[in-house]
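Chemist: This is input-v8.cif (mmCIF, N, CA and C atoms).
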```
data_protein
#
loop_
_atom_site.label_atom_id
_atom_site.label_comp_id
_atom_site.auth_asym_id
_atom_site.auth_seq_id
_atom_site.Cartn_x
_atom_site.Cartn_y
_atom_site.Cartn_z
N MET N 291 -8.05 -42.48 0.93
CA MET N 291 -7.47 -43.20 -0.19
C MET N 291 -6.80 -44.45 0.35
N THR N 292 -7.25 -45.60 -0.10
CA THR N 292 -6.74 -46.86 0.43
C THR N 292 -5.78 -47.55 -0.53
N ASN N 293 -5.55 -47.01 -1.69
CA ASN N 293 -4.66 -47.62 -2.67
C ASN N 293 -3.23 -47.13 -2.41
N THR N 294 -2.50 -47.84 -1.56
CA THR N 294 -1.17 -47.41 -1.13
C THR N 294 -0.16 -47.31 -2.28
N PRO N 295 -0.09 -48.29 -3.18
CA PRO N 295 0.89 -48.14 -4.29
C PRO N 295 0.64 -46.89 -5.14
N LEU N 296 -0.63 -46.59 -5.40
CA LEU N 296 -0.94 -45.39 -6.19
C LEU N 296 -0.53 -44.13 -5.43
N LEU N 297 -0.74 -44.12 -4.14
CA LEU N 297 -0.35 -42.99 -3.31
C LEU N 297 1.17 -42.80 -3.34
N LEU N 298 1.92 -43.88 -3.24
CA LEU N 298 3.38 -43.80 -3.26
C LEU N 298 3.89 -43.33 -4.62
N VAL N 299 3.27 -43.78 -5.69
CA VAL N 299 3.66 -43.33 -7.03
C VAL N 299 3.38 -41.83 -7.17
N GLY N 300 2.22 -41.38 -6.67
CA GLY N 300 1.89 -39.96 -6.73
C GLY N 300 2.89 -39.11 -5.96
N ILE N 301 3.27 -39.59 -4.76
CA ILE N 301 4.27 -38.87 -3.96
C ILE N 301 5.60 -38.82 -4.70
N GLY N 302 5.98 -39.93 -5.32
CA GLY N 302 7.24 -39.98 -6.07
C GLY N 302 7.24 -39.02 -7.26
N VAL N 303 6.14 -38.99 -8.00
CA VAL N 303 6.04 -38.10 -9.16
C VAL N 303 6.12 -36.64 -8.71
N LEU N 304 5.42 -36.30 -7.64
CA LEU N 304 5.47 -34.93 -7.14
C LEU N 304 6.87 -34.57 -6.63
N ALA N 305 7.55 -35.52 -5.99
CA ALA N 305 8.90 -35.26 -5.49
C ALA N 305 9.87 -35.01 -6.64
N VAL N 306 9.79 -35.84 -7.69
CA VAL N 306 10.68 -35.67 -8.85
C VAL N 306 10.37 -34.34 -9.55
N GLY N 307 9.09 -34.00 -9.70
CA GLY N 307 8.72 -32.74 -10.34
C GLY N 307 9.20 -31.54 -9.55
N THR N 308 9.04 -31.61 -8.23
CA THR N 308 9.50 -30.50 -7.38
C THR N 308 11.01 -30.34 -7.47
N PHE N 309 11.74 -31.45 -7.38
CA PHE N 309 13.20 -31.37 -7.48
C PHE N 309 13.63 -30.83 -8.84
N SER N 310 12.97 -31.27 -9.90
CA SER N 310 13.32 -30.81 -11.25
C SER N 310 13.12 -29.31 -11.39
N LEU N 311 12.01 -28.80 -10.89
CA LEU N 311 11.77 -27.36 -10.99
C LEU N 311 12.76 -26.56 -10.15
N ARG N 312 13.09 -27.06 -8.96
CA ARG N 312 14.06 -26.35 -8.11
C ARG N 312 15.46 -26.40 -8.71
N PHE N 313 15.79 -27.47 -9.38
CA PHE N 313 17.11 -27.60 -10.01
C PHE N 313 17.21 -26.78 -11.28
N ALA N 314 16.09 -26.66 -12.01
CA ALA N 314 16.10 -25.97 -13.30
C ALA N 314 16.42 -24.48 -13.16
N GLY N 315 15.99 -23.85 -12.07
CA GLY N 315 16.25 -22.42 -11.89
C GLY N 315 17.73 -22.08 -11.92
N PRO N 316 18.52 -22.60 -10.99
CA PRO N 316 19.96 -22.29 -11.02
C PRO N 316 20.67 -22.84 -12.25
N ALA N 317 20.23 -24.00 -12.75
CA ALA N 317 20.91 -24.61 -13.89
C ALA N 317 20.71 -23.80 -15.17
N LEU N 318 19.54 -23.22 -15.34
CA LEU N 318 19.23 -22.51 -16.58
C LEU N 318 19.38 -21.00 -16.47
N ARG N 319 19.69 -20.50 -15.29
CA ARG N 319 19.76 -19.05 -15.09
C ARG N 319 20.77 -18.37 -16.01
N SER N 320 21.92 -18.98 -16.20
CA SER N 320 22.96 -18.36 -17.02
C SER N 320 22.69 -18.49 -18.52
N ARG N 321 21.73 -19.31 -18.91
CA ARG N 321 21.46 -19.51 -20.33
C ARG N 321 20.43 -18.55 -20.90
N PHE N 322 19.63 -17.95 -20.05
CA PHE N 322 18.57 -17.06 -20.50
C PHE N 322 18.76 -15.68 -19.91
N GLU N 323 18.48 -14.68 -20.71
CA GLU N 323 18.53 -13.29 -20.26
C GLU N 323 17.10 -12.76 -20.26
N ILE N 324 16.61 -12.40 -19.08
CA ILE N 324 15.25 -11.88 -18.96
C ILE N 324 15.32 -10.36 -19.08
N PRO N 325 14.53 -9.77 -19.98
CA PRO N 325 14.56 -8.31 -20.14
C PRO N 325 14.15 -7.59 -18.85
N GLU N 326 14.66 -6.39 -18.70
CA GLU N 326 14.39 -5.59 -17.50
C GLU N 326 12.90 -5.34 -17.31
N LYS N 327 12.19 -5.08 -18.39
CA LYS N 327 10.75 -4.83 -18.32
C LYS N 327 10.01 -6.07 -17.80
N ALA N 328 10.42 -7.25 -18.25
CA ALA N 328 9.79 -8.48 -17.79
C ALA N 328 10.09 -8.72 -16.31
N GLN N 329 11.29 -8.39 -15.86
CA GLN N 329 11.63 -8.53 -14.44
C GLN N 329 10.77 -7.62 -13.58
N GLN N 330 10.55 -6.39 -14.04
CA GLN N 330 9.69 -5.47 -13.30
C GLN N 330 8.25 -5.96 -13.26
N LEU N 331 7.79 -6.51 -14.38
CA LEU N 331 6.44 -7.04 -14.45
C LEU N 331 6.27 -8.24 -13.51
N LEU N 332 7.26 -9.12 -13.46
CA LEU N 332 7.20 -10.27 -12.56
C LEU N 332 7.22 -9.84 -11.10
N ALA N 333 8.00 -8.82 -10.77
CA ALA N 333 8.03 -8.31 -9.40
C ALA N 333 6.67 -7.74 -9.01
N ALA N 334 6.06 -7.00 -9.92
CA ALA N 334 4.74 -6.44 -9.64
C ALA N 334 3.70 -7.55 -9.53
N ALA N 335 3.81 -8.58 -10.36
CA ALA N 335 2.86 -9.69 -10.31
C ALA N 335 2.97 -10.44 -8.98
N ALA N 336 4.17 -10.57 -8.45
CA ALA N 336 4.34 -11.24 -7.16
C ALA N 336 3.66 -10.44 -6.05
N ILE N 337 3.77 -9.14 -6.10
CA ILE N 337 3.12 -8.29 -5.09
C ILE N 337 1.61 -8.40 -5.19
N VAL N 338 1.09 -8.41 -6.40
CA VAL N 338 -0.35 -8.52 -6.60
C VAL N 338 -0.86 -9.86 -6.10
N LEU N 339 -0.14 -10.95 -6.40
CA LEU N 339 -0.56 -12.27 -5.94
C LEU N 339 -0.53 -12.38 -4.42
N LEU N 340 0.51 -11.86 -3.79
CA LEU N 340 0.58 -11.91 -2.33
C LEU N 340 -0.52 -11.06 -1.70
N THR N 341 -0.83 -9.91 -2.28
CA THR N 341 -1.90 -9.07 -1.78
C THR N 341 -3.24 -9.78 -1.89
N ALA N 342 -3.48 -10.45 -3.01
CA ALA N 342 -4.73 -11.19 -3.18
C ALA N 342 -4.83 -12.34 -2.18
N LEU N 343 -3.72 -13.00 -1.92
CA LEU N 343 -3.71 -14.09 -0.95
C LEU N 343 -4.03 -13.58 0.45
N VAL N 344 -3.40 -12.48 0.85
CA VAL N 344 -3.65 -11.90 2.17
C VAL N 344 -5.11 -11.44 2.27
N ALA N 345 -5.61 -10.78 1.24
CA ALA N 345 -6.99 -10.30 1.28
C ALA N 345 -7.98 -11.46 1.38
N THR N 346 -7.75 -12.51 0.63
CA THR N 346 -8.64 -13.67 0.68
C THR N 346 -8.60 -14.33 2.04
N ALA N 347 -7.41 -14.52 2.58
CA ALA N 347 -7.28 -15.17 3.88
C ALA N 347 -7.82 -14.30 5.01
N ALA N 348 -7.68 -13.00 4.89
CA ALA N 348 -8.10 -12.09 5.97
C ALA N 348 -9.59 -11.81 5.95
N LEU N 349 -10.20 -11.77 4.80
CA LEU N 349 -11.58 -11.32 4.70
C LEU N 349 -12.61 -12.43 4.59
N THR N 350 -12.20 -13.66 4.33
CA THR N 350 -13.16 -14.75 4.16
C THR N 350 -12.86 -15.89 5.11
N GLN N 351 -13.94 -16.60 5.47
CA GLN N 351 -13.83 -17.80 6.28
C GLN N 351 -14.85 -18.78 5.74
N GLY N 352 -14.38 -19.88 5.19
CA GLY N 352 -15.30 -20.81 4.55
C GLY N 352 -15.91 -20.18 3.32
N HIS N 353 -17.25 -20.08 3.32
CA HIS N 353 -17.94 -19.49 2.17
C HIS N 353 -18.52 -18.12 2.48
N GLY N 354 -18.13 -17.53 3.62
CA GLY N 354 -18.69 -16.25 3.99
C GLY N 354 -17.61 -15.30 4.49
N PRO N 355 -18.04 -14.14 4.96
CA PRO N 355 -17.07 -13.17 5.48
C PRO N 355 -16.47 -13.63 6.81
N ALA N 356 -15.30 -13.12 7.13
CA ALA N 356 -14.57 -13.54 8.32
C ALA N 356 -14.95 -12.74 9.55
N GLY N 357 -15.74 -11.71 9.44
CA GLY N 357 -16.08 -10.87 10.58
C GLY N 357 -15.15 -9.67 10.64
N ILE N 358 -14.98 -9.13 11.84
CA ILE N 358 -14.18 -7.92 12.02
C ILE N 358 -12.83 -8.21 12.65
N ALA N 359 -12.78 -9.18 13.55
CA ALA N 359 -11.57 -9.41 14.35
C ALA N 359 -10.37 -9.82 13.49
N ARG N 360 -10.56 -10.75 12.57
CA ARG N 360 -9.43 -11.20 11.75
C ARG N 360 -8.88 -10.10 10.86
N PRO N 361 -9.73 -9.38 10.10
CA PRO N 361 -9.17 -8.29 9.29
C PRO N 361 -8.50 -7.21 10.14
N ALA N 362 -9.02 -6.96 11.33
CA ALA N 362 -8.38 -5.97 12.21
C ALA N 362 -6.99 -6.44 12.63
N GLY N 363 -6.86 -7.72 12.95
CA GLY N 363 -5.55 -8.27 13.30
C GLY N 363 -4.58 -8.20 12.14
N VAL N 364 -5.07 -8.52 10.95
CA VAL N 364 -4.21 -8.44 9.77
C VAL N 364 -3.80 -7.00 9.50
N LEU N 365 -4.71 -6.07 9.70
CA LEU N 365 -4.40 -4.65 9.51
C LEU N 365 -3.31 -4.20 10.49
N VAL N 366 -3.44 -4.59 11.76
CA VAL N 366 -2.42 -4.23 12.75
C VAL N 366 -1.07 -4.85 12.37
N GLY N 367 -1.08 -6.12 11.98
CA GLY N 367 0.16 -6.77 11.56
C GLY N 367 0.76 -6.11 10.33
N GLY N 368 -0.11 -5.73 9.38
CA GLY N 368 0.38 -5.08 8.17
C GLY N 368 1.02 -3.73 8.45
N VAL N 369 0.39 -2.97 9.32
CA VAL N 369 0.95 -1.65 9.67
C VAL N 369 2.29 -1.82 10.37
N LEU N 370 2.38 -2.77 11.30
CA LEU N 370 3.65 -3.00 11.99
C LEU N 370 4.73 -3.50 11.04
N ALA N 371 4.36 -4.37 10.11
CA ALA N 371 5.34 -4.86 9.13
C ALA N 371 5.80 -3.71 8.23
N TRP N 372 4.86 -2.85 7.84
CA TRP N 372 5.20 -1.70 7.01
C TRP N 372 6.16 -0.76 7.75
N ARG N 373 5.98 -0.65 9.06
CA ARG N 373 6.86 0.19 9.88
C ARG N 373 8.15 -0.53 10.26
N LYS N 374 8.36 -1.73 9.70
CA LYS N 374 9.57 -2.53 9.87
C LYS N 374 9.79 -2.98 11.32
N ALA N 375 8.69 -3.36 11.98
CA ALA N 375 8.78 -3.91 13.32
C ALA N 375 9.33 -5.34 13.23
N PRO N 376 9.91 -5.86 14.29
CA PRO N 376 10.40 -7.25 14.27
C PRO N 376 9.24 -8.22 13.98
N PHE N 377 9.56 -9.29 13.27
CA PHE N 377 8.54 -10.24 12.82
C PHE N 377 7.74 -10.82 13.99
N VAL N 378 8.43 -11.15 15.07
CA VAL N 378 7.74 -11.72 16.24
C VAL N 378 6.71 -10.73 16.78
N LEU N 379 7.06 -9.47 16.84
CA LEU N 379 6.14 -8.44 17.32
C LEU N 379 4.94 -8.32 16.37
N VAL N 380 5.18 -8.40 15.09
CA VAL N 380 4.09 -8.31 14.11
C VAL N 380 3.09 -9.44 14.34
N VAL N 381 3.59 -10.66 14.47
CA VAL N 381 2.72 -11.82 14.63
C VAL N 381 1.98 -11.75 15.97
N VAL N 382 2.68 -11.44 17.04
CA VAL N 382 2.05 -11.39 18.37
C VAL N 382 1.01 -10.27 18.43
N ALA N 383 1.32 -9.11 17.88
CA ALA N 383 0.37 -8.00 17.90
C ALA N 383 -0.87 -8.31 17.07
N ALA N 384 -0.70 -8.93 15.93
CA ALA N 384 -1.85 -9.28 15.09
C ALA N 384 -2.72 -10.31 15.80
N ALA N 385 -2.10 -11.33 16.38
CA ALA N 385 -2.87 -12.35 17.09
C ALA N 385 -3.55 -11.77 18.33
N ALA N 386 -2.84 -10.91 19.05
CA ALA N 386 -3.43 -10.30 20.25
C ALA N 386 -4.60 -9.39 19.89
N THR N 387 -4.50 -8.68 18.80
CA THR N 387 -5.60 -7.82 18.37
C THR N 387 -6.84 -8.64 18.05
N ALA N 388 -6.66 -9.69 17.25
CA ALA N 388 -7.80 -10.54 16.89
C ALA N 388 -8.37 -11.23 18.13
N ALA N 389 -7.50 -11.75 18.99
CA ALA N 389 -7.98 -12.43 20.19
C ALA N 389 -8.67 -11.46 21.13
N GLY N 390 -8.13 -10.27 21.29
CA GLY N 390 -8.75 -9.27 22.16
C GLY N 390 -10.12 -8.87 21.67
N LEU N 391 -10.25 -8.65 20.37
CA LEU N 391 -11.57 -8.29 19.82
C LEU N 391 -12.56 -9.43 19.99
N ARG N 392 -12.12 -10.66 19.79
CA ARG N 392 -13.02 -11.80 19.98
C ARG N 392 -13.40 -11.96 21.44
N LEU N 393 -12.47 -11.67 22.34
CA LEU N 393 -12.76 -11.72 23.76
C LEU N 393 -13.82 -10.69 24.14
N LEU N 394 -13.81 -9.56 23.46
CA LEU N 394 -14.82 -8.53 23.70
C LEU N 394 -16.15 -8.81 23.00
N GLY N 395 -16.21 -9.90 22.26
CA GLY N 395 -17.45 -10.29 21.61
C GLY N 395 -17.58 -9.84 20.17
N VAL N 396 -16.55 -9.25 19.61
CA VAL N 396 -16.58 -8.84 18.21
C VAL N 396 -16.33 -10.06 17.34
N PRO N 397 -17.19 -10.30 16.37
CA PRO N 397 -17.00 -11.53 15.56
C PRO N 397 -15.77 -11.48 14.68
#
```
Please express the file's structure as structure tokens.
Modeler:
Amino acid sequence: MTNTPLLLVGIGVLAVGTFSLRFAGPALRSRFEIPEKAQQLLAAAAIVLLTALVATAALTQGHGPAGIARPAGVLVGGVLAWRKAPFVLVVVAAAATAAGLRLLGVP
């Protein structure tokens, strides 16, 4: 994109929109009461969205499957996170699992 003024205007609009949304949460929190059922539904929706994101990132690469090494690394990281291991250990173990499998020739 070579149109610098248009790029700067786009960045400005996105910055103002982001600030407005971040400001609106605390500013409007005391004015609205969200029912307990809706709060539970939103919590469940967040879990579903994060699970879909992890599944998509772990199982696909480009337009095809990701192979075996990446999902295996994600599985190891997921199990360690579920067992409440330190975050650094989760990341290092997941990366080491994927790298080790790739080193052994597993796609």
Chemist: Determine which residues of chain N receive a DSSP assignment of strand (DSSP E), computed from the backbone, and state them as an MDAnalysis selection string.
Modeler: chainID N and resid 350:351 354:355
Chemist: N:Val364, N:Ala317, N:Leu311, N:Ala389: which is nearest Val344 in chain N, counting only C-alpha atoms?
Modeler: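 Nearest candidate to Val344 in chain N out of N:Val364, N:Ala317, N:Leu311, N:Ala389: N:Val364.
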Chemist: Have a look at CA of Leu370 in chain N and CA of Pro397 in chain N and let me know their distance in Å, one decimal.
Modeler: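 Atom-to-atom, CA of Leu370 in chain N to CA of Pro397 in chain N, that is 22.6 Å.
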Chemist: Could you please give me, as an MDAnalysis selection string, the residues of protein, DNA or RNA lying at most 7 Å from (-10.3, -13.2, 7.0) in the coordinate frame of the file, considering only C-alpha atoms?
Modeler: chainID N and resid 346:351 355:356 360:361
Chemist: Evaluate the PyMOL selection byres ((chain N and resi 377-386) around 6.5) here and jot the selected residues down as a list of chain:residue names.
Modeler: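 Output from the PyMOL selection byres ((chain N and resi 377-386) around 6.5), applied to this file: N:Ala362, N:Gly363, N:Val364, N:Val366, N:Gly367, N:Leu370, N:Ala371, N:Ala375, N:Pro376, N:Thr387, N:Ala388, N:Ala389, N:Gly390, N:Leu391.
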Chemist: Distance CA of Thr341 in chain N-CA of Arg373 in chain N, one decimal place?
Modeler: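 CA of Arg373 in chain N lies 17.3 Å from CA of Thr341 in chain N.
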Chemist: I need the helix (DSSP H, G or I) residues of chain N per DSSP on the backbone, written as a compact mmCIF listing (two decimals) with N, CA and C atoms, keeping the file's coordinate frame.
Modeler:
```
# COMPACT_ATOMS: atom_id res chain seq x y z
N THR N 294 -2.50 -47.84 -1.56
CA THR N 294 -1.17 -47.41 -1.13
C THR N 294 -0.16 -47.31 -2.28
N PRO N 295 -0.09 -48.29 -3.18
CA PRO N 295 0.89 -48.14 -4.29
C PRO N 295 0.64 -46.89 -5.14
N LEU N 296 -0.63 -46.59 -5.40
CA LEU N 296 -0.94 -45.39 -6.19
C LEU N 296 -0.53 -44.13 -5.43
N LEU N 297 -0.74 -44.12 -4.14
CA LEU N 297 -0.35 -42.99 -3.31
C LEU N 297 1.17 -42.80 -3.34
N LEU N 298 1.92 -43.88 -3.24
CA LEU N 298 3.38 -43.80 -3.26
C LEU N 298 3.89 -43.33 -4.62
N VAL N 299 3.27 -43.78 -5.69
CA VAL N 299 3.66 -43.33 -7.03
C VAL N 299 3.38 -41.83 -7.17
N GLY N 300 2.22 -41.38 -6.67
CA GLY N 300 1.89 -39.96 -6.73
C GLY N 300 2.89 -39.11 -5.96
N ILE N 301 3.27 -39.59 -4.76
CA ILE N 301 4.27 -38.87 -3.96
C ILE N 301 5.60 -38.82 -4.70
N GLY N 302 5.98 -39.93 -5.32
CA GLY N 302 7.24 -39.98 -6.07
C GLY N 302 7.24 -39.02 -7.26
N VAL N 303 6.14 -38.99 -8.00
CA VAL N 303 6.04 -38.10 -9.16
C VAL N 303 6.12 -36.64 -8.71
N LEU N 304 5.42 -36.30 -7.64
CA LEU N 304 5.47 -34.93 -7.14
C LEU N 304 6.87 -34.57 -6.63
N ALA N 305 7.55 -35.52 -5.99
CA ALA N 305 8.90 -35.26 -5.49
C ALA N 305 9.87 -35.01 -6.64
N VAL N 306 9.79 -35.84 -7.69
CA VAL N 306 10.68 -35.67 -8.85
C VAL N 306 10.37 -34.34 -9.55
N GLY N 307 9.09 -34.00 -9.70
CA GLY N 307 8.72 -32.74 -10.34
C GLY N 307 9.20 -31.54 -9.55
N THR N 308 9.04 -31.61 -8.23
CA THR N 308 9.50 -30.50 -7.38
C THR N 308 11.01 -30.34 -7.47
N PHE N 309 11.74 -31.45 -7.38
CA PHE N 309 13.20 -31.37 -7.48
C PHE N 309 13.63 -30.83 -8.84
N SER N 310 12.97 -31.27 -9.90
CA SER N 310 13.32 -30.81 -11.25
C SER N 310 13.12 -29.31 -11.39
N LEU N 311 12.01 -28.80 -10.89
CA LEU N 311 11.77 -27.36 -10.99
C LEU N 311 12.76 -26.56 -10.15
N ARG N 312 13.09 -27.06 -8.96
CA ARG N 312 14.06 -26.35 -8.11
C ARG N 312 15.46 -26.40 -8.71
N PHE N 313 15.79 -27.47 -9.38
CA PHE N 313 17.11 -27.60 -10.01
C PHE N 313 17.21 -26.78 -11.28
N ALA N 314 16.09 -26.66 -12.01
CA ALA N 314 16.10 -25.97 -13.30
C ALA N 314 16.42 -24.48 -13.16
N GLY N 315 15.99 -23.85 -12.07
CA GLY N 315 16.25 -22.42 -11.89
C GLY N 315 17.73 -22.08 -11.92
N PRO N 316 18.52 -22.60 -10.99
CA PRO N 316 19.96 -22.29 -11.02
C PRO N 316 20.67 -22.84 -12.25
N ALA N 317 20.23 -24.00 -12.75
CA ALA N 317 20.91 -24.61 -13.89
C ALA N 317 20.71 -23.80 -15.17
N LEU N 318 19.54 -23.22 -15.34
CA LEU N 318 19.23 -22.51 -16.58
C LEU N 318 19.38 -21.00 -16.47
N ARG N 319 19.69 -20.50 -15.29
CA ARG N 319 19.76 -19.05 -15.09
C ARG N 319 20.77 -18.37 -16.01
N SER N 320 21.92 -18.98 -16.20
CA SER N 320 22.96 -18.36 -17.02
C SER N 320 22.69 -18.49 -18.52
N ARG N 321 21.73 -19.31 -18.91
CA ARG N 321 21.46 -19.51 -20.33
C ARG N 321 20.43 -18.55 -20.90
N GLU N 326 14.66 -6.39 -18.70
CA GLU N 326 14.39 -5.59 -17.50
C GLU N 326 12.90 -5.34 -17.31
N LYS N 327 12.19 -5.08 -18.39
CA LYS N 327 10.75 -4.83 -18.32
C LYS N 327 10.01 -6.07 -17.80
N ALA N 328 10.42 -7.25 -18.25
CA ALA N 328 9.79 -8.48 -17.79
C ALA N 328 10.09 -8.72 -16.31
N GLN N 329 11.29 -8.39 -15.86
CA GLN N 329 11.63 -8.53 -14.44
C GLN N 329 10.77 -7.62 -13.58
N GLN N 330 10.55 -6.39 -14.04
CA GLN N 330 9.69 -5.47 -13.30
C GLN N 330 8.25 -5.96 -13.26
N LEU N 331 7.79 -6.51 -14.38
CA LEU N 331 6.44 -7.04 -14.45
C LEU N 331 6.27 -8.24 -13.51
N LEU N 332 7.26 -9.12 -13.46
CA LEU N 332 7.20 -10.27 -12.56
C LEU N 332 7.22 -9.84 -11.10
N ALA N 333 8.00 -8.82 -10.77
CA ALA N 333 8.03 -8.31 -9.40
C ALA N 333 6.67 -7.74 -9.01
N ALA N 334 6.06 -7.00 -9.92
CA ALA N 334 4.74 -6.44 -9.64
C ALA N 334 3.70 -7.55 -9.53
N ALA N 335 3.81 -8.58 -10.36
CA ALA N 335 2.86 -9.69 -10.31
C ALA N 335 2.97 -10.44 -8.98
N ALA N 336 4.17 -10.57 -8.45
CA ALA N 336 4.34 -11.24 -7.16
C ALA N 336 3.66 -10.44 -6.05
N ILE N 337 3.77 -9.14 -6.10
CA ILE N 337 3.12 -8.29 -5.09
C ILE N 337 1.61 -8.40 -5.19
N VAL N 338 1.09 -8.41 -6.40
CA VAL N 338 -0.35 -8.52 -6.60
C VAL N 338 -0.86 -9.86 -6.10
N LEU N 339 -0.14 -10.95 -6.40
CA LEU N 339 -0.56 -12.27 -5.94
C LEU N 339 -0.53 -12.38 -4.42
N LEU N 340 0.51 -11.86 -3.79
CA LEU N 340 0.58 -11.91 -2.33
C LEU N 340 -0.52 -11.06 -1.70
N THR N 341 -0.83 -9.91 -2.28
CA THR N 341 -1.90 -9.07 -1.78
C THR N 341 -3.24 -9.78 -1.89
N ALA N 342 -3.48 -10.45 -3.01
CA ALA N 342 -4.73 -11.19 -3.18
C ALA N 342 -4.83 -12.34 -2.18
N LEU N 343 -3.72 -13.00 -1.92
CA LEU N 343 -3.71 -14.09 -0.95
C LEU N 343 -4.03 -13.58 0.45
N VAL N 344 -3.40 -12.48 0.85
CA VAL N 344 -3.65 -11.90 2.17
C VAL N 344 -5.11 -11.44 2.27
N ALA N 345 -5.61 -10.78 1.24
CA ALA N 345 -6.99 -10.30 1.28
C ALA N 345 -7.98 -11.46 1.38
N THR N 346 -7.75 -12.51 0.63
CA THR N 346 -8.64 -13.67 0.68
C THR N 346 -8.60 -14.33 2.04
N ALA N 347 -7.41 -14.52 2.58
CA ALA N 347 -7.28 -15.17 3.88
C ALA N 347 -7.82 -14.30 5.01
N ALA N 348 -7.68 -13.00 4.89
CA ALA N 348 -8.10 -12.09 5.97
C ALA N 348 -9.59 -11.81 5.95
N LEU N 349 -10.20 -11.77 4.80
CA LEU N 349 -11.58 -11.32 4.70
C LEU N 349 -12.61 -12.43 4.59
N ALA N 359 -12.78 -9.18 13.55
CA ALA N 359 -11.57 -9.41 14.35
C ALA N 359 -10.37 -9.82 13.49
N ARG N 360 -10.56 -10.75 12.57
CA ARG N 360 -9.43 -11.20 11.75
C ARG N 360 -8.88 -10.10 10.86
N PRO N 361 -9.73 -9.38 10.10
CA PRO N 361 -9.17 -8.29 9.29
C PRO N 361 -8.50 -7.21 10.14
N ALA N 362 -9.02 -6.96 11.33
CA ALA N 362 -8.38 -5.97 12.21
C ALA N 362 -6.99 -6.44 12.63
N GLY N 363 -6.86 -7.72 12.95
CA GLY N 363 -5.55 -8.27 13.30
C GLY N 363 -4.58 -8.20 12.14
N VAL N 364 -5.07 -8.52 10.95
CA VAL N 364 -4.21 -8.44 9.77
C VAL N 364 -3.80 -7.00 9.50
N LEU N 365 -4.71 -6.07 9.70
CA LEU N 365 -4.40 -4.65 9.51
C LEU N 365 -3.31 -4.20 10.49
N VAL N 366 -3.44 -4.59 11.76
CA VAL N 366 -2.42 -4.23 12.75
C VAL N 366 -1.07 -4.85 12.37
N GLY N 367 -1.08 -6.12 11.98
CA GLY N 367 0.16 -6.77 11.56
C GLY N 367 0.76 -6.11 10.33
N GLY N 368 -0.11 -5.73 9.38
CA GLY N 368 0.38 -5.08 8.17
C GLY N 368 1.02 -3.73 8.45
N VAL N 369 0.39 -2.97 9.32
CA VAL N 369 0.95 -1.65 9.67
C VAL N 369 2.29 -1.82 10.37
N LEU N 370 2.38 -2.77 11.30
CA LEU N 370 3.65 -3.00 11.99
C LEU N 370 4.73 -3.50 11.04
N ALA N 371 4.36 -4.37 10.11
CA ALA N 371 5.34 -4.86 9.13
C ALA N 371 5.80 -3.71 8.23
N TRP N 372 4.86 -2.85 7.84
CA TRP N 372 5.20 -1.70 7.01
C TRP N 372 6.16 -0.76 7.75
N PHE N 377 9.56 -9.29 13.27
CA PHE N 377 8.54 -10.24 12.82
C PHE N 377 7.74 -10.82 13.99
N VAL N 378 8.43 -11.15 15.07
CA VAL N 378 7.74 -11.72 16.24
C VAL N 378 6.71 -10.73 16.78
N LEU N 379 7.06 -9.47 16.84
CA LEU N 379 6.14 -8.44 17.32
C LEU N 379 4.94 -8.32 16.37
N VAL N 380 5.18 -8.40 15.09
CA VAL N 380 4.09 -8.31 14.11
C VAL N 380 3.09 -9.44 14.34
N VAL N 381 3.59 -10.66 14.47
CA VAL N 381 2.72 -11.82 14.63
C VAL N 381 1.98 -11.75 15.97
N VAL N 382 2.68 -11.44 17.04
CA VAL N 382 2.05 -11.39 18.37
C VAL N 382 1.01 -10.27 18.43
N ALA N 383 1.32 -9.11 17.88
CA ALA N 383 0.37 -8.00 17.90
C ALA N 383 -0.87 -8.31 17.07
N ALA N 384 -0.70 -8.93 15.93
CA ALA N 384 -1.85 -9.28 15.09
C ALA N 384 -2.72 -10.31 15.80
N ALA N 385 -2.10 -11.33 16.38
CA ALA N 385 -2.87 -12.35 17.09
C ALA N 385 -3.55 -11.77 18.33
N ALA N 386 -2.84 -10.91 19.05
CA ALA N 386 -3.43 -10.30 20.25
C ALA N 386 -4.60 -9.39 19.89
N THR N 387 -4.50 -8.68 18.80
CA THR N 387 -5.60 -7.82 18.37
C THR N 387 -6.84 -8.64 18.05
N ALA N 388 -6.66 -9.69 17.25
CA ALA N 388 -7.80 -10.54 16.89
C ALA N 388 -8.37 -11.23 18.13
N ALA N 389 -7.50 -11.75 18.99
CA ALA N 389 -7.98 -12.43 20.19
C ALA N 389 -8.67 -11.46 21.13
N GLY N 390 -8.13 -10.27 21.29
CA GLY N 390 -8.75 -9.27 22.16
C GLY N 390 -10.12 -8.87 21.67
N LEU N 391 -10.25 -8.65 20.37
CA LEU N 391 -11.57 -8.29 19.82
C LEU N 391 -12.56 -9.43 19.99
N ARG N 392 -12.12 -10.66 19.79
CA ARG N 392 -13.02 -11.80 19.98
C ARG N 392 -13.40 -11.96 21.44
N LEU N 393 -12.47 -11.67 22.34
CA LEU N 393 -12.76 -11.72 23.76
C LEU N 393 -13.82 -10.69 24.14
```
Chemist: Can you measure atom C of Ala345 in chain N to atom N of Gln330 in chain N for me? One decimal in Å is fine.
Modeler: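 So the two atoms, atom C of Ala345 in chain N and atom N of Gln330 in chain N, lie 24.6 Å apart.
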